[in-house]
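Engineer: My file is structure.txt. It has compact mmCIF, C-alpha atoms:
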# COMPACT_ATOMS: atom_id res chain seq x y z
CA MET A 1257 68.32 182.53 84.10
CA MET A 1258 65.85 185.36 83.58
CA ASN A 1259 62.33 184.20 82.79
CA SER A 1260 60.94 187.03 80.67
CA ASN A 1261 57.90 185.18 79.36
CA PHE A 1262 55.71 187.36 81.55
CA LEU A 1263 56.92 190.65 80.07
CA VAL A 1264 56.04 192.12 76.68
CA SER A 1265 57.64 195.15 75.08
CA CYS A 1266 55.81 198.26 73.94
CA GLU A 1267 56.84 197.41 70.38
CA TRP A 1268 55.30 193.95 70.66
CA LEU A 1269 52.06 195.38 72.00
CA LYS A 1270 51.94 198.01 69.23
CA ASP A 1271 52.16 195.22 66.66
CA ASN A 1272 49.43 193.22 68.42
CA LEU A 1273 47.26 196.09 69.58
CA TYR A 1274 44.09 194.99 67.82
CA ASN A 1275 44.53 191.25 68.22
CA GLU A 1276 41.10 189.96 69.23
CA ASN A 1277 42.68 187.41 71.59
CA ILE A 1278 44.29 190.14 73.70
CA CYS A 1279 42.78 192.24 76.47
CA ILE A 1280 44.81 195.21 77.73
CA LEU A 1281 44.21 196.24 81.34
CA ASP A 1282 45.21 199.50 82.99
CA ALA A 1283 45.91 198.56 86.62
CA SER A 1284 47.02 202.00 87.84
CA PHE A 1285 46.50 202.44 91.57
CA PHE A 1286 47.72 205.27 93.76
CA LEU A 1287 48.06 205.79 97.48
CA LYS A 1288 45.99 208.53 99.14
CA ASN A 1289 49.01 210.79 99.57
CA ASP A 1290 49.59 210.75 95.82
CA LYS A 1291 46.29 212.58 95.27
CA ARG A 1292 45.82 210.84 91.94
CA ASP A 1293 42.99 208.66 90.67
CA GLY A 1294 43.70 205.66 88.46
CA PHE A 1295 40.26 205.51 86.86
CA PHE A 1296 40.23 209.25 86.11
CA GLU A 1297 43.66 209.05 84.49
CA TRP A 1298 42.68 206.00 82.41
CA ASN A 1299 39.50 207.78 81.36
CA SER A 1300 41.51 210.75 80.07
CA LYS A 1301 44.63 209.03 78.65
CA ARG A 1302 45.11 205.34 77.88
CA ILE A 1303 46.48 202.78 75.47
CA PRO A 1304 43.81 202.14 72.78
CA THR A 1305 41.34 199.34 73.59
CA SER A 1306 42.50 199.14 77.22
CA LEU A 1307 40.05 198.62 80.08
CA TYR A 1308 40.47 199.79 83.65
CA PHE A 1309 40.93 197.07 86.26
CA ASP A 1310 39.90 198.39 89.66
CA PHE A 1311 41.15 196.09 92.42
CA ASN A 1312 40.87 198.82 95.05
CA LYS A 1313 37.14 199.55 94.86
CA LYS A 1314 35.47 197.05 92.54
CA ILE A 1315 37.15 193.69 92.02
CA LYS A 1316 37.85 193.00 95.69
CA GLU A 1317 36.32 191.36 98.75
CA HIS A 1318 33.67 193.89 99.72
CA ASN A 1319 32.86 192.24 103.05
CA SER A 1320 36.35 192.77 104.43
CA LEU A 1321 37.44 195.85 106.37
CA LEU A 1322 40.98 195.31 105.10
CA PRO A 1323 42.04 197.10 101.91
CA ASN A 1324 42.34 195.46 98.48
CA MET A 1325 41.51 191.96 99.65
CA LEU A 1326 41.24 189.24 97.02
CA PRO A 1327 37.62 188.50 95.99
CA SER A 1328 36.11 185.05 95.78
CA PRO A 1329 36.74 183.06 92.58
CA GLU A 1330 33.02 183.32 91.80
CA TYR A 1331 32.93 187.11 92.04
CA PHE A 1332 36.22 187.43 90.15
CA SER A 1333 34.86 185.22 87.37
CA GLU A 1334 31.68 187.27 87.13
CA GLN A 1335 33.49 190.60 86.97
CA VAL A 1336 36.19 189.69 84.45
CA GLY A 1337 33.60 187.91 82.32
CA LEU A 1338 31.66 191.18 82.14
CA MET A 1339 34.87 192.75 80.82
CA GLY A 1340 34.82 190.32 77.89
CA ILE A 1341 37.68 188.23 79.27
CA SER A 1342 37.62 184.46 78.83
CA ASN A 1343 40.03 181.83 80.11
CA ASN A 1344 41.80 181.87 76.72
CA THR A 1345 42.34 185.64 76.62
CA HIS A 1346 45.92 186.87 76.71
CA ILE A 1347 45.95 189.53 79.44
CA ILE A 1348 48.40 192.44 79.03
CA ILE A 1349 48.68 194.60 82.16
CA TYR A 1350 50.22 198.03 82.50
CA ASP A 1351 50.16 200.88 84.99
CA ASN A 1352 50.98 204.58 85.04
CA CYS A 1353 52.84 204.54 88.34
CA ASP A 1354 56.36 203.20 87.71
CA PHE A 1355 55.66 199.47 87.87
CA PHE A 1356 53.75 199.71 91.11
CA SER A 1357 50.37 198.03 90.76
CA ALA A 1358 50.51 195.93 87.58
CA PRO A 1359 52.07 192.98 89.48
CA ARG A 1360 49.09 192.91 91.85
CA VAL A 1361 46.74 192.23 88.94
CA TRP A 1362 49.22 189.70 87.51
CA TRP A 1363 48.99 187.81 90.81
CA MET A 1364 45.20 188.06 90.93
CA PHE A 1365 44.87 186.42 87.53
CA LYS A 1366 47.57 183.89 88.33
CA ILE A 1367 45.87 182.78 91.54
CA MET A 1368 42.64 182.36 89.59
CA GLY A 1369 44.42 179.92 87.29
CA HIS A 1370 44.80 182.16 84.25
CA GLN A 1371 47.52 180.92 81.91
CA LYS A 1372 48.23 183.85 79.57
CA ILE A 1373 49.26 186.90 81.61
CA SER A 1374 51.93 189.47 80.77
CA ILE A 1375 53.03 192.84 82.08
CA LEU A 1376 53.93 195.65 79.71
CA ASP A 1377 57.56 196.61 80.24
CA GLU A 1378 57.97 200.38 80.76
CA GLY A 1379 54.20 200.82 81.21
CA LEU A 1380 52.22 203.78 79.95
CA LYS A 1381 55.20 206.14 80.30
CA GLY A 1382 57.33 204.06 77.99
CA TRP A 1383 54.47 203.72 75.53
CA ILE A 1384 54.03 207.49 75.37
CA GLU A 1385 57.78 208.14 75.14
CA LEU A 1386 57.94 205.91 72.06
CA GLY A 1387 55.21 207.98 70.40
CA TYR A 1388 52.74 205.12 70.15
CA PRO A 1389 49.00 205.86 69.83
CA ILE A 1390 47.02 207.16 72.80
CA GLU A 1391 43.29 207.63 73.34
CA GLU A 1392 42.38 210.83 75.19
CA SER A 1393 38.65 211.14 74.55
CA PRO A 1394 36.13 209.37 76.83
CA PRO A 1395 36.07 205.65 76.01
CA HIS A 1396 33.29 204.17 73.89
CA LEU A 1397 33.23 200.59 75.11
CA ASN A 1398 31.51 197.87 73.15
CA ILE A 1399 32.17 194.88 75.35
CA VAL A 1400 30.74 191.46 74.64
CA PRO A 1401 30.55 189.55 77.96
CA ALA A 1402 32.43 186.25 78.06
CA GLN A 1403 32.32 183.12 80.16
CA TYR A 1404 35.11 182.97 82.72
CA ASN A 1405 35.73 180.10 85.12
CA ALA A 1406 38.38 180.69 87.77
CA SER A 1407 40.46 177.75 88.95
CA PHE A 1408 41.67 178.90 92.34
CA GLN A 1409 45.34 178.18 93.15
CA SER A 1410 45.27 178.21 96.94
CA ASN A 1411 49.04 177.67 97.21
CA LEU A 1412 49.58 181.28 96.05
CA LEU A 1413 47.69 182.74 99.02
CA ALA A 1414 48.86 182.93 102.64
CA ASN A 1415 46.50 183.73 105.49
CA TYR A 1416 47.26 184.86 109.03
CA ASP A 1417 47.68 181.33 110.39
CA ASP A 1418 50.09 180.44 107.57
CA VAL A 1419 52.23 183.47 108.33
CA MET A 1420 52.16 182.89 112.09
CA SER A 1421 53.34 179.33 111.54
CA ALA A 1422 56.06 180.46 109.13
CA SER A 1423 57.20 183.11 111.60
CA MET A 1424 57.43 180.63 114.47
CA ASN A 1425 59.35 178.17 112.27
CA LYS A 1426 61.60 180.93 110.93
CA ASP A 1427 60.55 180.12 107.36
CA LEU A 1428 61.06 182.66 104.59
CA ILE A 1429 58.91 185.78 104.91
CA ILE A 1430 59.99 188.82 102.90
CA ASP A 1431 58.51 192.26 103.55
CA ALA A 1432 58.40 194.77 100.67
CA ARG A 1433 57.90 197.90 102.79
CA SER A 1434 60.51 200.61 103.22
CA PRO A 1435 63.23 200.08 105.86
CA ASP A 1436 61.79 203.02 107.82
CA ARG A 1437 58.43 201.29 108.15
CA PHE A 1438 59.91 197.83 108.64
CA ASN A 1439 62.19 198.98 111.47
CA ALA A 1440 59.82 201.49 113.08
CA GLN A 1441 58.75 201.05 116.68
CA SER A 1442 55.18 201.35 117.90
CA ASN A 1443 54.15 203.05 121.13
CA ASN A 1444 54.39 199.67 122.85
CA ASN A 1445 58.04 199.44 121.76
CA ARG A 1446 57.26 196.61 119.36
CA VAL A 1447 59.24 196.63 116.12
CA ASP A 1448 56.71 196.95 113.30
CA HIS A 1449 57.36 193.83 111.29
CA ILE A 1450 56.47 190.16 111.45
CA PRO A 1451 58.97 188.33 113.68
CA HIS A 1452 61.80 186.66 111.73
CA SER A 1453 60.75 188.32 108.45
CA LYS A 1454 63.33 189.88 106.14
CA ASN A 1455 63.16 193.27 104.48
CA LEU A 1456 63.56 193.80 100.73
CA TYR A 1457 62.28 197.26 99.82
CA TYR A 1458 60.47 197.06 96.50
CA ARG A 1459 61.95 200.40 95.39
CA ASN A 1460 65.42 198.85 95.49
CA LEU A 1461 64.23 196.73 92.59
CA VAL A 1462 61.93 199.06 90.68
CA LYS A 1463 63.01 202.69 90.54
CA SER A 1464 61.31 203.68 87.29
CA ASN A 1465 58.72 202.39 84.84
CA GLU A 1466 61.33 200.08 83.28
CA PHE A 1467 61.49 196.52 84.58
CA PRO A 1468 64.75 195.85 86.45
CA SER A 1469 67.51 193.71 85.01
CA HIS A 1470 68.13 190.12 86.05
CA LYS A 1471 71.36 191.28 87.70
CA ASN A 1472 69.60 193.89 89.83
CA ILE A 1473 66.81 191.53 90.89
CA TYR A 1474 69.23 188.73 91.77
CA LYS A 1475 71.59 191.04 93.65
CA ASN A 1476 68.79 192.43 95.80
CA PHE A 1477 67.30 189.02 96.55
CA MET A 1478 70.74 187.72 97.51
CA ASN A 1479 70.95 190.50 100.11
CA VAL A 1480 68.23 188.73 102.11
CA ILE A 1481 68.35 185.06 101.06
CA THR A 1482 70.82 182.52 99.68
CA PRO A 1483 70.80 181.10 96.13
CA GLU A 1484 69.51 177.79 97.49
CA GLN A 1485 66.54 179.53 99.13
CA LEU A 1486 65.23 180.64 95.74
CA ASN A 1487 63.79 177.12 95.52
CA GLU A 1488 62.13 177.30 98.95
CA HIS A 1489 58.65 178.57 99.64
CA ILE A 1490 58.60 182.34 100.16
CA ILE A 1491 55.77 184.34 101.71
CA TYR A 1492 55.71 187.96 100.56
CA THR A 1493 54.09 190.67 102.64
CA CYS A 1494 53.85 194.48 102.67
CA GLY A 1495 51.36 197.07 103.91
CA SER A 1496 48.19 195.99 102.12
CA GLY A 1497 49.15 193.27 99.63
CA VAL A 1498 50.14 195.44 96.65
CA THR A 1499 53.92 195.89 96.72
CA ALA A 1500 54.38 192.31 97.94
CA CYS A 1501 53.29 191.32 94.44
CA ILE A 1502 56.18 193.33 92.96
CA LEU A 1503 58.61 191.12 94.84
CA ALA A 1504 56.66 188.02 93.84
CA PHE A 1505 56.75 188.95 90.15
CA CYS A 1506 60.44 189.86 90.22
CA GLY A 1507 61.28 186.70 92.15
CA TYR A 1508 59.24 184.59 89.75
CA CYS A 1509 61.26 185.98 86.85
CA ILE A 1510 64.51 184.70 88.38
CA GLY A 1511 63.12 181.29 89.29
CA ALA A 1512 61.52 181.75 92.72
CA GLU A 1513 58.26 180.16 91.61
CA ASN A 1514 57.23 178.65 94.96
CA PHE A 1515 55.60 181.60 96.69
CA SER A 1516 52.46 182.98 98.27
CA ILE A 1517 51.17 186.47 99.05
CA TYR A 1518 50.01 187.38 102.56
CA ASP A 1519 46.95 189.26 101.36
CA GLY A 1520 46.13 190.84 104.71
CA SER A 1521 49.77 191.87 105.15
CA TRP A 1522 50.65 194.42 107.84
CA SER A 1523 47.11 195.85 107.75
CA GLU A 1524 45.87 192.59 109.25
CA TRP A 1525 48.90 191.50 111.27
CA SER A 1526 49.15 194.79 113.18
CA GLN A 1527 45.49 194.59 114.22
CA ILE A 1528 45.82 191.09 115.67
CA ASN A 1529 49.24 191.28 117.31
Can you give me the file's structure in the form of structure tokens?
Structural biologist:
Amino acid sequence: MMNSNFLVSCEWLKDNLYNENICILDASFFLKNDKRDGFFEWNSKRIPTSLYFDFNKKIKEHNSLLPNMLPSPEYFSEQVGLMGISNNTHIIIYDNCDFFSAPRVWWMFKIMGHQKISILDEGLKGWIELGYPIEESPPHLNIVPAQYNASFQSNLLANYDDVMSASMNKDLIIDARSPDRFNAQSNNNRVDHIPHSKNLYYRNLVKSNEFPSHKNIYKNFMNVITPEQLNEHIIYTCGSGVTACILAFCGYCIGAENFSIYDGSWSEWSQIN
């Protein structure tokens, strides 16, 4: 059965746009080759009342040399509190990059124990296509800071040792990178993926801004695991911990709720091995 409790439609958001219990977050994030800037785009075109959530430069672990690493619960609490978000706020997340980075922010709030988190189906593109209101002038923010207390869910995070152990035991590790990257060979003739991991390219699931159907998600997951394994613990990995969260969100929606994200992903694994 499809669990769609974590998705909201553009129509639903339009009807609840100015609900004081809702905070809308633009989570747009682009790779360097895209030559686009999420903050700049939010600043020039956004859903009314939305705030920009920067997990690439701001709400991250600043002492790590690895990209996009999860911050401490204390720092996360401080930063989201400054955005006016409390533990009771209903978070609505969207992006402007075809369902690419919104799941990363969904996971960040989920691992911090937040209960009310949803992703906007069809994202900013769908919102604009429906002719719903857009703000294009520089934002005039009047944020009242709130108290936020993260309750860290350590089971949703995998570190290097966890992944090494899972690899040696041949437990479920699913890599979201493209087949070209997953199957590439380094100069030392090593295949560039974690031993015994499986490959499920995130773009096989999400090809546009519209969330994939239950049938498409299930079909793609069944290409790499069995129906029984949906109940087993799955570690998701990718290049730097972003697209792994797409698989986690999609899997969660079809019942694979026992999962963790390898935050360091290939960025870390390739440096150590």
Engineer: Produce a table with one row for each residue of segment 1441-1467 of chain A that has an atom at most 7 Å from any atom of segment 1367-1389 of chain A, each row naming the nearest atom pair and its distance in Å at one decimal; use all atoms listed in the file; arrange rows by chain and rising residue number; format as a Markdown table.
Structural biologist:
| residue | atom | partner | partner_atom | distance |
| --- | --- | --- | --- | --- |
| A:Asn1465 | CA | A:Glu1378 | CA | 4.6 |
| A:Glu1466 | CA | A:Glu1378 | CA | 4.2 |
| A:Phe1467 | CA | A:Asp1377 | CA | 5.9 |
Engineer: Please provide as a count of residues only all residues within 12 Å of Asn1343 of chain A, with the sequence filter that same-chain residues fewer than 6 positions apart are discarded (counting all atoms listed in the file).
Structural biologist: 20
Engineer: Report, in Å to a single decimal, how far apart atom CA of Glu1297 of chain A and atom CA of Gln1335 of chain A are.
Structural biologist: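 These two atoms are separated by 21.2 Å.
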Engineer: Give me, as a tab-separated table, the closest atom pair and its distance (Å, one decimal) for every residue of segment 1358-1396 of chain A within a cut-off of 10 Å of segment 1504-1528 of chain A, counting only C-alpha atoms, rows sorted by chain and rising number.
Structural biologist:
residue	atom	partner	partner_atom	distance
A:Ala1358	CA	A:Phe1505	CA	9.7
A:Pro1359	CA	A:Phe1505	CA	6.2
A:Arg1360	CA	A:Phe1505	CA	8.8
A:Trp1362	CA	A:Phe1505	CA	8.0
A:Trp1363	CA	A:Phe1505	CA	7.9
A:Ile1367	CA	A:Ser1516	CA	9.4
A:Ile1375	CA	A:Phe1505	CA	9.7
Engineer: What is the atom CA of Ser1496 of chain A to atom CA of Asn1299 of chain A distance in Å?
Structural biologist: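 Value for the atom CA of Ser1496 of chain A-atom CA of Asn1299 of chain A distance: 25.4 Å.
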Engineer: In Å, rounded to a single decimal, give me how far atom CA of Val1498 of chain A is from atom CA of Arg1302 of chain A.
Structural biologist: 21.8 Å
Engineer: Compare A:Ile1315, A:Ile1399, A:Ala1432, A:Ile1348 by their minimum atom-to-atom distance to Thr1493 of chain A, counting all atoms listed in the file, and give me the closest one.
Structural biologist: A:Ala1432
Engineer: Could you tell me which of A:Ser1300, A:Asn1487, A:Ser1357, A:Asn1261 comes closest to Val1462 of chain A if we count all atoms listed in the file?
Structural biologist: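 Among the listed residues, the smallest separation from Val1462 of chain A belongs to A:Ser1357.
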